[in-house]
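Undergrad: Here you go, final28.cif (mmCIF, C-alpha atoms):
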```cif
data_target
#
loop_
_atom_site.label_atom_id
_atom_site.label_comp_id
_atom_site.auth_asym_id
_atom_site.auth_seq_id
_atom_site.Cartn_x
_atom_site.Cartn_y
_atom_site.Cartn_z
CA MET A 1 49.77 -31.28 -22.34
CA LYS A 2 47.56 -30.04 -25.11
CA ASP A 3 45.95 -33.44 -25.32
CA LYS A 4 45.18 -33.44 -21.63
CA LEU A 5 43.55 -30.01 -21.84
CA GLN A 6 41.43 -31.16 -24.74
CA GLN A 7 40.45 -34.25 -22.81
CA LEU A 8 39.51 -32.09 -19.85
CA GLN A 9 37.50 -29.77 -22.05
CA LYS A 10 35.72 -32.74 -23.58
CA ALA A 11 34.97 -34.16 -20.14
CA VAL A 12 33.52 -30.86 -18.95
CA VAL A 13 31.52 -30.06 -22.07
CA GLU A 14 30.08 -33.53 -22.33
CA SER A 15 29.25 -33.83 -18.65
CA GLN A 16 25.63 -34.00 -17.56
CA VAL A 17 25.90 -30.80 -15.52
CA TRP A 18 27.25 -28.79 -18.47
CA LYS A 19 24.64 -30.16 -20.83
CA SER A 20 21.90 -29.34 -18.35
CA LEU A 21 23.03 -25.72 -18.16
CA PHE A 22 23.89 -25.17 -21.83
CA ARG A 23 21.43 -27.34 -23.67
CA VAL A 24 21.71 -25.91 -27.15
CA GLY A 25 25.48 -25.74 -27.52
CA ILE A 26 27.22 -22.83 -29.16
CA PRO A 27 24.43 -20.68 -30.65
CA ASN A 28 26.03 -20.28 -34.05
CA THR A 29 22.89 -20.59 -36.16
CA ASN A 30 19.63 -18.68 -36.05
CA ARG A 31 17.78 -21.79 -34.95
CA LYS A 32 20.16 -22.42 -32.08
CA ARG A 33 19.97 -18.78 -31.00
CA VAL A 34 16.18 -18.94 -30.88
CA LEU A 35 16.29 -22.23 -28.96
CA ALA A 36 18.81 -20.79 -26.51
CA VAL A 37 16.49 -17.87 -25.75
CA LEU A 38 13.37 -20.03 -25.57
CA GLY A 39 15.01 -22.59 -23.31
CA ASN A 40 16.16 -20.06 -20.72
CA VAL A 41 13.73 -19.22 -17.96
CA VAL A 42 14.95 -15.63 -17.72
CA LEU A 43 15.52 -14.97 -21.42
CA HIS A 44 12.24 -16.51 -22.54
CA LEU A 45 10.48 -13.41 -21.24
CA HIS A 46 12.58 -11.38 -23.66
CA PRO A 47 11.82 -11.13 -27.38
CA VAL A 48 13.75 -13.66 -29.42
CA LYS A 49 14.66 -10.93 -31.85
CA THR A 50 14.91 -7.22 -31.27
CA ARG A 51 14.55 -4.63 -33.98
CA LYS A 52 17.45 -2.34 -34.67
CA SER A 53 15.32 0.59 -33.54
CA GLY A 54 14.55 -1.27 -30.33
CA VAL A 55 18.10 -0.96 -29.08
CA LYS A 56 18.49 2.65 -30.20
CA MET A 57 18.94 4.84 -27.13
CA ARG A 58 17.45 7.80 -28.97
CA TYR A 59 14.25 5.85 -29.50
CA THR A 60 13.69 4.02 -26.20
CA TRP A 61 15.88 6.08 -23.83
CA CYS A 62 16.27 2.66 -22.16
CA ALA A 63 13.89 4.06 -19.54
CA GLY A 64 12.15 0.73 -18.94
CA GLY A 65 15.51 -1.03 -18.69
CA VAL A 66 16.77 1.59 -16.24
CA THR A 67 13.59 1.14 -14.18
CA PHE A 68 14.09 -2.62 -14.02
CA PHE A 69 17.78 -2.19 -13.17
CA LEU A 70 16.84 0.17 -10.34
CA PHE A 71 14.27 -2.35 -9.12
CA LEU A 72 17.04 -4.96 -8.91
CA VAL A 73 19.34 -2.50 -7.10
CA LEU A 74 16.56 -1.63 -4.66
CA THR A 75 15.74 -5.29 -4.05
CA PHE A 76 19.37 -6.07 -3.28
CA THR A 77 20.13 -3.02 -1.12
CA GLY A 78 16.76 -3.40 0.59
CA LEU A 79 17.60 -6.98 1.45
CA LEU A 80 20.87 -5.80 3.02
CA LEU A 81 19.06 -3.11 5.02
CA MET A 82 16.65 -5.72 6.37
CA PHE A 83 19.52 -7.35 8.26
CA TYR A 84 19.77 -4.29 10.50
CA TYR A 85 16.45 -2.49 10.48
CA ARG A 86 13.77 -3.39 13.04
CA PRO A 87 10.26 -2.13 12.24
CA THR A 88 9.21 -1.14 15.76
CA VAL A 89 8.50 2.28 17.20
CA GLU A 90 11.31 1.77 19.69
CA TYR A 91 14.06 0.95 17.19
CA ALA A 92 13.08 2.12 13.70
CA PHE A 93 14.54 5.61 13.86
CA VAL A 94 17.78 4.71 15.64
CA ASP A 95 18.28 1.75 13.32
CA ALA A 96 17.94 4.08 10.36
CA LEU A 97 20.59 6.33 11.89
CA ASP A 98 22.82 3.36 12.72
CA LEU A 99 22.60 2.19 9.13
CA ARG A 100 24.42 5.37 8.23
CA GLU A 101 26.85 5.61 11.12
CA GLN A 102 27.55 2.18 12.61
CA VAL A 103 27.47 -0.07 9.57
CA PRO A 104 30.21 -0.44 6.94
CA PHE A 105 29.23 1.28 3.70
CA GLY A 106 26.75 3.58 5.39
CA ILE A 107 25.93 4.73 1.89
CA MET A 108 23.81 1.58 1.41
CA ARG A 109 20.73 3.25 2.83
CA GLU A 110 21.34 6.31 0.69
CA ILE A 111 21.61 4.13 -2.40
CA HIS A 112 18.26 2.60 -1.49
CA ARG A 113 16.70 6.00 -0.91
CA TRP A 114 18.10 7.73 -3.98
CA GLY A 115 17.50 4.63 -6.07
CA ALA A 116 13.86 4.79 -5.03
CA HIS A 117 13.58 8.42 -6.10
CA ALA A 118 15.35 7.57 -9.36
CA MET A 119 13.02 4.64 -10.01
CA VAL A 120 9.92 6.81 -9.68
CA ILE A 121 11.46 9.32 -12.10
CA ALA A 122 12.53 6.55 -14.50
CA VAL A 123 9.01 5.10 -14.51
CA TRP A 124 7.58 8.46 -15.50
CA ILE A 125 10.19 8.89 -18.24
CA HIS A 126 9.42 5.38 -19.51
CA MET A 127 5.71 6.17 -19.55
CA PHE A 128 6.38 9.47 -21.34
CA ARG A 129 8.47 7.70 -23.99
CA VAL A 130 5.86 5.00 -24.53
CA PHE A 131 3.21 7.68 -24.86
CA MET A 132 5.22 9.86 -27.27
CA THR A 133 6.12 6.94 -29.52
CA GLY A 134 2.50 5.74 -29.56
CA SER A 135 3.56 2.37 -28.20
CA TYR A 136 0.39 2.11 -26.13
CA LYS A 137 -1.71 1.53 -29.26
CA PRO A 138 -3.14 -1.89 -30.17
CA PRO A 139 -1.91 -4.57 -29.96
CA ARG A 140 0.03 -3.13 -26.99
CA GLU A 141 -2.90 -1.59 -25.12
CA PHE A 142 -3.05 -4.43 -22.59
CA ASN A 143 0.61 -3.95 -21.75
CA TRP A 144 -0.02 -0.24 -21.22
CA VAL A 145 -2.61 -1.17 -18.60
CA VAL A 146 -0.17 -3.55 -16.92
CA GLY A 147 2.36 -0.71 -16.97
CA VAL A 148 -0.07 1.68 -15.31
CA ILE A 149 -0.65 -0.85 -12.52
CA LEU A 150 3.14 -1.16 -12.17
CA LEU A 151 3.35 2.64 -11.93
CA VAL A 152 0.85 2.59 -9.07
CA LEU A 153 2.78 -0.23 -7.35
CA THR A 154 6.02 1.77 -7.72
CA LEU A 155 4.37 4.78 -6.09
CA LEU A 156 2.99 2.53 -3.31
CA LEU A 157 6.46 1.08 -2.73
CA SER A 158 7.81 4.60 -2.50
CA PHE A 159 4.99 5.62 -0.15
CA THR A 160 5.32 2.63 2.19
CA GLY A 161 9.10 3.04 2.31
CA TYR A 162 8.66 6.67 3.29
CA LEU A 163 7.27 5.69 6.70
CA LEU A 164 10.03 3.26 7.66
CA PRO A 165 12.71 5.75 8.90
CA TRP A 166 10.05 6.85 11.41
CA ASP A 167 11.31 10.44 11.29
CA GLN A 168 9.43 13.72 11.20
CA LEU A 169 8.86 13.53 7.44
CA ALA A 170 7.29 10.09 7.82
CA ILE A 171 5.22 11.03 10.85
CA TRP A 172 3.65 13.95 9.02
CA ALA A 173 3.44 12.58 5.51
CA ILE A 174 1.88 9.20 6.22
CA PRO A 175 -1.15 10.44 8.23
CA VAL A 176 -1.88 12.84 5.39
CA GLY A 177 -1.42 10.18 2.71
CA SER A 178 -3.24 7.39 4.50
CA ASN A 179 -6.24 9.64 5.17
CA MET A 180 -6.98 9.21 1.48
CA ALA A 181 -7.80 5.55 2.19
CA GLY A 182 -10.56 6.80 4.49
CA ALA A 183 -12.23 8.35 1.44
CA THR A 184 -12.51 5.02 -0.41
CA PRO A 185 -16.06 4.53 -1.71
CA LEU A 186 -18.15 2.23 0.49
CA ILE A 187 -15.27 0.84 2.57
CA GLY A 188 -13.81 4.11 3.91
CA THR A 189 -15.51 5.94 6.81
CA GLN A 190 -15.53 9.21 4.89
CA GLY A 191 -15.99 7.73 1.44
CA PRO A 192 -18.98 8.28 -0.83
CA GLY A 193 -21.84 5.87 -0.21
CA THR A 194 -20.49 4.67 3.14
CA ALA A 195 -23.21 6.50 5.05
CA LEU A 196 -25.78 4.25 3.36
CA LEU A 197 -24.28 1.09 4.84
CA LYS A 198 -26.24 0.94 8.05
CA ILE A 199 -28.33 -1.49 9.99
CA GLY A 200 -30.75 0.67 11.90
CA ASP A 201 -28.59 3.25 13.66
CA ILE A 202 -25.45 1.14 13.63
CA ALA A 203 -22.95 2.07 10.93
CA LEU A 204 -21.35 -0.97 9.30
CA VAL A 205 -18.18 0.90 8.31
CA THR A 206 -16.50 2.69 11.20
CA SER A 207 -13.01 3.99 11.90
CA THR A 208 -12.10 0.58 13.33
CA ASP A 209 -13.08 -1.53 10.34
CA ASP A 210 -12.61 0.58 7.21
CA ALA A 211 -9.97 0.55 4.48
CA ARG A 212 -7.75 3.01 6.34
CA PHE A 213 -7.79 0.84 9.44
CA GLY A 214 -6.82 -2.20 7.38
CA LEU A 215 -3.86 -0.27 6.01
CA LEU A 216 -2.70 1.19 9.33
CA GLY A 217 -3.68 -1.59 11.73
CA GLY A 218 -5.05 1.13 13.99
CA ARG A 219 -7.03 4.33 14.02
CA PHE A 220 -3.91 6.43 13.61
CA VAL A 221 -0.32 5.99 12.44
CA GLY A 222 1.42 4.00 15.18
CA ALA A 223 3.24 0.74 15.79
CA GLY A 224 0.70 -1.24 13.79
CA ALA A 225 1.07 1.03 10.77
CA LEU A 226 4.87 0.78 10.88
CA LEU A 227 4.77 -3.01 10.87
CA ARG A 228 2.12 -3.23 8.16
CA PHE A 229 3.93 -0.79 5.91
CA TYR A 230 7.16 -2.72 6.47
CA VAL A 231 5.61 -6.02 5.44
CA LEU A 232 3.90 -4.44 2.44
CA HIS A 233 7.11 -2.66 1.46
CA CYS A 234 9.43 -5.66 1.78
CA VAL A 235 7.21 -8.55 0.74
CA GLY A 236 3.69 -7.80 -0.40
CA ILE A 237 4.09 -5.14 -3.05
CA PRO A 238 7.45 -6.38 -4.45
CA LEU A 239 5.96 -9.84 -5.03
CA VAL A 240 3.01 -8.47 -6.95
CA ALA A 241 5.27 -6.05 -8.84
CA ALA A 242 7.73 -8.81 -9.78
CA PHE A 243 4.89 -10.96 -11.11
CA LEU A 244 3.45 -8.10 -13.15
CA MET A 245 6.93 -7.20 -14.43
CA ALA A 246 7.27 -10.73 -15.76
CA VAL A 247 3.90 -10.31 -17.50
CA HIS A 248 4.98 -6.87 -18.75
CA PHE A 249 8.20 -8.14 -20.35
CA TRP A 250 6.54 -11.25 -21.74
CA ARG A 251 3.77 -9.14 -23.32
CA ILE A 252 6.40 -7.09 -25.21
CA ARG A 253 7.48 -10.30 -26.84
CA LYS A 254 3.94 -11.47 -27.51
CA ASP A 255 3.00 -8.12 -29.04
CA GLY A 256 5.82 -8.30 -31.54
CA GLY A 257 8.75 -6.78 -29.71
CA ILE A 258 9.47 -3.14 -28.99
CA SER A 259 7.43 -0.91 -31.27
CA GLY A 260 9.23 0.59 -34.22
CA PRO A 261 9.43 4.24 -35.17
CA VAL A 262 6.30 5.41 -36.95
CA MET B 1 -12.68 -44.58 -38.18
CA ALA B 2 -14.25 -44.85 -41.57
CA THR B 3 -16.48 -42.02 -42.64
CA GLY B 4 -20.03 -42.63 -43.60
CA GLU B 5 -23.28 -42.79 -41.79
CA PRO B 6 -22.93 -41.44 -38.27
CA LYS B 7 -23.26 -44.20 -35.82
CA ILE B 8 -26.42 -43.87 -33.87
CA ILE B 9 -26.32 -45.18 -30.37
CA SER B 10 -29.59 -46.68 -29.51
CA SER B 11 -31.23 -44.80 -26.71
CA ALA B 12 -32.56 -48.06 -25.49
CA SER B 13 -29.12 -49.49 -24.79
CA ALA B 14 -27.32 -46.42 -23.35
CA PRO B 15 -28.71 -45.27 -20.02
CA THR B 16 -29.64 -41.56 -19.85
CA PRO B 17 -28.19 -39.59 -16.90
CA GLU B 18 -31.51 -39.88 -15.13
CA GLU B 19 -31.46 -43.63 -15.50
CA ARG B 20 -27.97 -43.97 -14.03
CA GLU B 21 -27.62 -44.29 -10.36
CA GLY B 22 -26.61 -41.15 -8.44
CA ILE B 23 -26.20 -37.68 -9.92
CA SER B 24 -25.11 -36.72 -13.43
CA ARG B 25 -21.55 -35.59 -14.21
CA ARG B 26 -22.82 -32.11 -15.05
CA ARG B 27 -24.55 -31.69 -11.72
CA TRP B 28 -21.63 -33.12 -9.82
CA LEU B 29 -19.22 -30.70 -11.52
CA THR B 30 -21.50 -27.74 -10.83
CA ALA B 31 -21.67 -28.68 -7.18
CA ALA B 32 -17.90 -29.22 -7.07
CA TRP B 33 -17.17 -25.83 -8.59
CA LEU B 34 -19.62 -24.11 -6.28
CA GLY B 35 -18.00 -25.82 -3.32
CA PHE B 36 -14.56 -24.80 -4.53
CA ALA B 37 -15.69 -21.19 -5.00
CA ALA B 38 -17.22 -21.18 -1.53
CA ALA B 39 -14.00 -22.54 -0.01
CA VAL B 40 -11.90 -19.91 -1.79
CA GLY B 41 -14.34 -17.20 -0.76
CA ALA B 42 -14.27 -18.34 2.87
CA GLY B 43 -10.46 -18.39 2.79
CA ALA B 44 -10.32 -14.88 1.33
CA THR B 45 -12.83 -13.59 3.88
CA ALA B 46 -10.91 -15.17 6.75
CA SER B 47 -7.66 -13.64 5.47
CA MET B 48 -9.24 -10.19 5.29
CA ARG B 49 -10.80 -10.58 8.73
CA PHE B 50 -7.37 -11.55 10.06
CA LEU B 51 -6.16 -8.00 9.36
CA PHE B 52 -8.68 -6.53 11.79
CA PRO B 53 -7.65 -7.43 15.36
CA ASN B 54 -10.12 -8.08 18.16
CA VAL B 55 -8.28 -5.94 20.68
CA LEU B 56 -6.87 -2.52 19.93
CA PHE B 57 -3.97 -1.34 22.08
CA GLU B 58 -4.77 2.31 21.64
CA PRO B 59 -5.82 4.94 24.18
CA PRO B 60 -9.59 4.89 24.75
CA THR B 61 -11.65 7.64 23.15
CA LEU B 62 -13.38 8.29 26.47
CA PHE B 63 -11.24 9.21 29.46
CA LYS B 64 -11.33 10.99 32.80
CA ALA B 65 -9.25 14.15 32.89
CA GLY B 66 -9.18 14.93 36.61
CA PRO B 67 -11.20 17.57 38.47
CA SER B 68 -12.02 20.67 36.48
CA SER B 69 -10.38 22.78 39.16
CA ASP B 70 -7.03 21.36 37.93
CA TYR B 71 -7.26 23.53 34.86
CA ALA B 72 -6.00 27.07 34.93
CA PRO B 73 -7.37 29.52 32.35
CA GLY B 74 -5.78 28.89 28.96
CA VAL B 75 -4.79 25.88 26.89
CA ASP B 76 -3.77 22.73 28.74
CA GLU B 77 -1.56 20.30 26.83
CA ARG B 78 -1.30 17.46 29.34
CA TRP B 79 -3.55 15.07 27.34
CA LYS B 80 -2.34 15.98 23.87
CA GLU B 81 0.37 13.32 23.62
CA ARG B 82 -1.74 10.46 24.92
CA PHE B 83 -5.31 11.24 23.89
CA GLY B 84 -4.91 13.95 21.26
CA VAL B 85 -7.05 16.52 23.05
CA TRP B 86 -6.44 20.01 24.40
CA ILE B 87 -8.47 21.05 27.42
CA VAL B 88 -9.14 24.76 27.16
CA ARG B 89 -10.57 26.90 29.92
CA ASP B 90 -11.83 30.37 29.21
CA THR B 91 -13.68 32.73 31.52
CA THR B 92 -16.95 30.81 31.57
CA GLU B 93 -16.42 27.29 30.28
CA ILE B 94 -14.12 24.32 29.71
CA TYR B 95 -14.07 22.58 26.35
CA GLY B 96 -11.97 19.91 24.64
CA LEU B 97 -10.42 20.53 21.24
CA VAL B 98 -9.48 17.48 19.16
CA ALA B 99 -5.81 17.90 18.17
CA VAL B 100 -6.30 16.88 14.55
CA CYS B 101 -5.94 19.50 11.85
CA VAL B 102 -9.14 19.55 9.78
CA HIS B 103 -7.10 20.17 6.63
CA LEU B 104 -5.27 16.84 6.18
CA GLY B 105 -5.04 15.30 9.63
CA CYS B 106 -1.68 16.43 11.06
CA THR B 107 -1.32 17.41 14.72
CA PRO B 108 -1.15 21.20 15.20
CA ASN B 109 1.07 22.84 17.82
CA TRP B 110 -0.08 25.27 20.51
CA LEU B 111 2.00 28.44 20.26
CA PRO B 112 1.48 30.30 23.56
CA ALA B 113 3.51 33.34 22.49
CA GLN B 114 1.25 33.89 19.47
CA ASN B 115 -1.86 32.64 21.25
CA LYS B 116 -2.86 30.28 18.43
CA PHE B 117 -2.79 26.69 17.22
CA LYS B 118 -0.52 26.26 14.21
CA CYS B 119 -0.27 23.16 12.02
CA PRO B 120 3.32 22.34 10.99
CA CYS B 121 2.28 20.61 7.76
CA HIS B 122 0.63 23.36 5.74
CA GLY B 123 0.37 26.27 8.14
CA SER B 124 -3.29 26.22 9.14
CA GLY B 125 -3.88 28.52 12.13
CA TYR B 126 -6.66 28.41 14.71
CA TYR B 127 -7.68 30.74 17.53
CA VAL B 128 -7.85 29.45 21.09
CA SER B 129 -11.54 28.77 20.45
CA GLY B 130 -10.58 26.41 17.63
CA VAL B 131 -11.93 28.65 14.87
CA ASN B 132 -9.65 28.71 11.83
CA PHE B 133 -8.28 32.01 10.60
CA GLU B 134 -5.30 31.26 8.34
CA GLY B 135 -3.90 28.59 6.09
CA PRO B 136 -5.77 25.94 4.10
CA ALA B 137 -8.00 24.63 6.92
CA PRO B 138 -11.57 24.72 5.60
CA ARG B 139 -13.31 24.81 9.00
CA ALA B 140 -12.76 25.02 12.74
CA LEU B 141 -11.16 22.36 14.92
CA GLU B 142 -13.60 19.81 16.25
CA ARG B 143 -14.63 19.81 19.89
CA ALA B 144 -15.04 16.62 21.89
CA ALA B 145 -17.90 16.03 24.33
CA VAL B 146 -17.02 17.04 27.90
CA SER B 147 -19.01 16.47 31.04
CA ILE B 148 -18.62 16.17 34.82
CA SER B 149 -18.70 12.57 36.05
CA PRO B 150 -21.57 12.05 38.51
CA ASP B 151 -19.41 9.51 40.42
CA ASP B 152 -16.36 11.54 41.40
CA GLY B 153 -16.79 14.97 39.85
CA GLN B 154 -13.96 14.50 37.37
CA LEU B 155 -13.98 15.96 33.93
CA VAL B 156 -14.92 13.30 31.36
CA VAL B 157 -13.79 13.74 27.76
CA ASP B 158 -15.44 11.69 25.00
CA LYS B 159 -13.72 11.97 21.60
CA GLY B 160 -16.38 9.68 20.16
CA GLN B 161 -18.83 12.59 20.17
CA ARG B 162 -17.75 15.57 18.09
CA PHE B 163 -19.24 19.05 17.88
CA LEU B 164 -18.74 21.16 14.77
CA TYR B 165 -18.62 24.94 14.83
CA GLU B 166 -19.91 25.33 11.28
CA GLN B 167 -23.02 23.38 12.20
CA GLY B 168 -23.67 25.49 15.29
CA GLN B 169 -23.06 22.57 17.63
CA TRP B 170 -20.66 24.31 20.01
CA THR B 171 -23.63 25.66 21.98
CA ASP B 172 -24.76 22.07 22.63
CA PRO B 173 -24.76 21.51 26.41
CA LYS B 174 -22.50 18.45 25.95
CA ALA B 175 -19.86 20.49 24.11
CA PHE B 176 -18.66 22.38 27.19
CA VAL B 177 -18.68 22.44 30.99
CA LYS B 178 -19.66 25.63 32.79
CA VAL B 179 -17.15 26.96 35.28
CA GLY B 180 -17.44 29.88 37.64
#
```
Reformat the file's structure so that it appears as C-alpha cells.
TA:
Amino acid sequence: MKDKLQQLQKAVVESQVWKSLFRVGIPNTNRKRVLAVLGNVVLHLHPVKTRKSGVKMRYTWCAGGVTFFLFLVLTFTGLLLMFYYRPTVEYAFVDALDLREQVPFGIMREIHRWGAHAMVIAVWIHMFRVFMTGSYKPPREFNWVVGVILLVLTLLLSFTGYLLPWDQLAIWAIPVGSNMAGATPLIGTQGPGTALLKIGDIALVTSTDDARFGLLGGRFVGAGALLRFYVLHCVGIPLVAAFLMAVHFWRIRKDGGISGPV
Amino acid sequence: MATGEPKIISSASAPTPEEREGISRRRWLTAAWLGFAAAVGAGATASMRFLFPNVLFEPPTLFKAGPSSDYAPGVDERWKERFGVWIVRDTTEIYGLVAVCVHLGCTPNWLPAQNKFKCPCHGSGYYVSGVNFEGPAPRALERAAVSISPDDGQLVVDKGQRFLYEQGQWTDPKAFVKVG
C-alpha cells in the first residue's frame, strides 16, 4: 500500500503538468525561493525579499494591501452585479432595487457599495502613511506619481459608480460633478481659453462637442450618460487601474522594497 | 577579429547611399515611422470622433409652446420636464426661465405656496422673476428668448439664446413677449 502511494506520488510529481506548474521544486534554499518568486507571473511583481519592517502592521498599516484586497472584492462583486443590472433609464433603478430584494444574498450590492467607500478611505490612509514615513522620496518618487494617478482613478471609479443606481442622489450629484468637465481648459465650453477657439463667429467648442459632452454622451445627464458611465465604471477605468497597479507593485520591488523606518 | 589597424573600406568599392538604387535606409525608416505615427494618429482621432454622435436624441432647444393665451398669470410648469423651461406670465409680459440652477446646475423646484423657485441641492432661492435672493446662487436664473411665431401666432421659446439679468439683458425685446 505504502509503495503504491509512493509510486502515485512519484507519478504526479514527475508528470509534465506538475512540473509546468511547480518548476522550481520545494523552495528549501534561498536560490530556489528567489527562482520561485521570479518564475511566477503574479509573484514576480512582488519583492523577492521583504524587510522585517515591511511586514510590521505598525509601520505600513497594510493600507495598500487593504486597498488592493478591496479592489479584488469590488471586481468580484461588481462582476456578479453585472449579471442582473441593466444600464438603461428604464431598468437601472428597479434593477438596483431587485438586487437587494429579488436576488439571493441581496447584501452583494451593499458589499460593493460599502467596499467602494472603504476603498476610497483605504487609499487616503495608504497615501497618508506613505507621506508620513517619507516613502515618496527618491528613488520612490515615480511610484508616488503612479499612486496619485491611481488615487484619481479610484475617485473616478467611485464617481462613475455613483450614477448607476439612477436614484435621486445620482440624478443630483452627477450633473453637479460632470459640470466640472465643462470647465476644462480649451476643450470645455466654459473652460479658460475656449472662447479663443473660433473661426469667424463660429465657436469650435460648443456644448455638443466639448469634454463634458464626451463624458455624458449628451448635453445633460440622460440615457447616454448612464451607458457611458457604466462602460467606464465596469471596463475602462478598471483596466487602466489594473495596469497601473501592476506598475505600482513592480516599482516597489524595483525601488528596493518597502521603505524602512528612518 | 585581430586588433590592429582599423580596416578601411575603400570608398571606391562600397557604394554610398546616393549611389545605390532607390532611397537610403535612413530615409526609408523616417518615412515608415512618420507613416506609422500618422496611422496611429488617424486611429486615435477616429476613436475620439466616434464618441460624438451625428444625431442627438434630445429635445430641441427651440420649440413652440402653444398660443400665449394658454398661459394664466403665474408660473407654468408644463414644459419643465421635457424642455427644462418655465413659462412665466406676469401682468405685462411672458418670459421663459431656464430651469437650471446657476449655482451648480441642478433643477430647482417651483414652490407655489412660498412663491419662489428653490433648488433641492444647496438651497438656492429665486423670486418668480428669476432673481436670486437666498442660498449660494451667484446670479439670477437665465431667461430664454421668447417670441410670437409669425406663422401661427404660437409662443416660440429658444433656449439657444440666453438673457442675463446681471448684464441688463432682460429688457432686450427678445427676452419677453408683451401681453395685455
Undergrad: List every residue of chain B that has an atom at most 9 Å from any atom of chain A, giving for each one its closest atom pair and the distance in Å to one decimal, counting all atoms listed in the file, sorted by chain and then by ascending residue number, as CSV.
TA:
```
residue,atom,partner,partner_atom,distance
B:Met48,CA,A:Gly214,CA,8.6
B:Leu51,CA,A:Gly214,CA,6.2
B:Phe52,CA,A:Gly214,CA,6.5
B:Pro53,CA,A:Gly217,CA,7.9
B:Leu56,CA,A:Gly218,CA,7.2
B:Phe57,CA,A:Gly218,CA,8.5
B:Glu58,CA,A:Gly218,CA,7.7
B:Leu104,CA,A:Val176,CA,5.3
B:Gly105,CA,A:Val176,CA,5.8
B:Cys106,CA,A:Trp172,CA,6.2
B:Thr107,CA,A:Trp172,CA,8.3
B:Pro120,CA,A:Trp172,CA,8.6
B:Cys121,CA,A:Trp172,CA,6.9
```
Undergrad: Calculated over all atoms listed in the file, which of the candidates A:Leu97, A:Ala181, A:Ala246, A:Leu156 has the smallest distance to A:Phe229?
TA: A:Leu156
Undergrad: Just the number, please: distance in Å from atom CA of A:Asn143 to atom CA of A:Val73, one decimal.
TA: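 Value for the atom CA of A:Asn143-atom CA of A:Val73 distance: 23.8 Å.
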Undergrad: Could you name the residues that touch stretch 74-89 of chain B at 6 Å or less, counting all atoms listed in the file, but leaving out those on the same chain fewer than 5 positions away, as a compact mmCIF listing (two decimals) with C-alpha atoms, in the frame of the given file?
TA:
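Final output, saved to result.txt:
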```txt
# COMPACT_ATOMS: atom_id res chain seq x y z
CA ILE B 94 -14.12 24.32 29.71
CA TYR B 95 -14.07 22.58 26.35
CA GLY B 96 -11.97 19.91 24.64
CA LEU B 97 -10.42 20.53 21.24
CA VAL B 98 -9.48 17.48 19.16
CA ALA B 99 -5.81 17.90 18.17
```
Undergrad: Rounded to one decimal in Å, what is the spacing between atom CA of B:Ala140 and atom CA of B:Glu166?
TA: 7.3 Å
Undergrad: Apply the PyMOL selection byres ((chain B and resi 143-145) around 10) to the file shown and report the selected residues as a ChimeraX atom specification.
TA: /B:61-62,85-87,95-99,129-130,140-142,146-147,156-165,169-170,172-177
Undergrad: Taking the point (-20.5, 24.8, 36.8) as given in the file, collect each protein or nucleic acid residue that comes within 12 Å of it, counting all atoms listed in the file, and present the set as JSON, numbers by chain.
TA: {"B": [67, 68, 69, 91, 92, 93, 94, 147, 148, 153, 155, 173, 176, 177, 178, 179, 180]}
Undergrad: Taking the file as shown, what set of residues would the PyMOL selection byres ((chain A and resi 126) around 9) give back, as a list in words?
TA: Thr60, Trp61, Cys62, Ala63, Gly64, Gly65, Val66, Thr67, Ile121, Ala122, Val123, Trp124, Ile125, Met127, Phe128, Arg129, Val130 and Phe131 of chain A
Undergrad: So that I have them on file, write out the residues from the current selection with C-alpha atoms, as a PDB file, in the coordinates of the input.
TA:
```
ATOM      1  CA  THR A  60      13.690   4.020 -26.200  1.00  0.00           C
ATOM      2  CA  TRP A  61      15.880   6.080 -23.830  1.00  0.00           C
ATOM      3  CA  CYS A  62      16.270   2.660 -22.160  1.00  0.00           C
ATOM      4  CA  ALA A  63      13.890   4.060 -19.540  1.00  0.00           C
ATOM      5  CA  GLY A  64      12.150   0.730 -18.940  1.00  0.00           C
ATOM      6  CA  GLY A  65      15.510  -1.030 -18.690  1.00  0.00           C
ATOM      7  CA  VAL A  66      16.770   1.590 -16.240  1.00  0.00           C
ATOM      8  CA  THR A  67      13.590   1.140 -14.180  1.00  0.00           C
ATOM      9  CA  ILE A 121      11.460   9.320 -12.100  1.00  0.00           C
ATOM     10  CA  ALA A 122      12.530   6.550 -14.500  1.00  0.00           C
ATOM     11  CA  VAL A 123       9.010   5.100 -14.510  1.00  0.00           C
ATOM     12  CA  TRP A 124       7.580   8.460 -15.500  1.00  0.00           C
ATOM     13  CA  ILE A 125      10.190   8.890 -18.240  1.00  0.00           C
ATOM     14  CA  MET A 127       5.710   6.170 -19.550  1.00  0.00           C
ATOM     15  CA  PHE A 128       6.380   9.470 -21.340  1.00  0.00           C
ATOM     16  CA  ARG A 129       8.470   7.700 -23.990  1.00  0.00           C
ATOM     17  CA  VAL A 130       5.860   5.000 -24.530  1.00  0.00           C
ATOM     18  CA  PHE A 131       3.210   7.680 -24.860  1.00  0.00           C
TER      19      PHE A 131
END
```
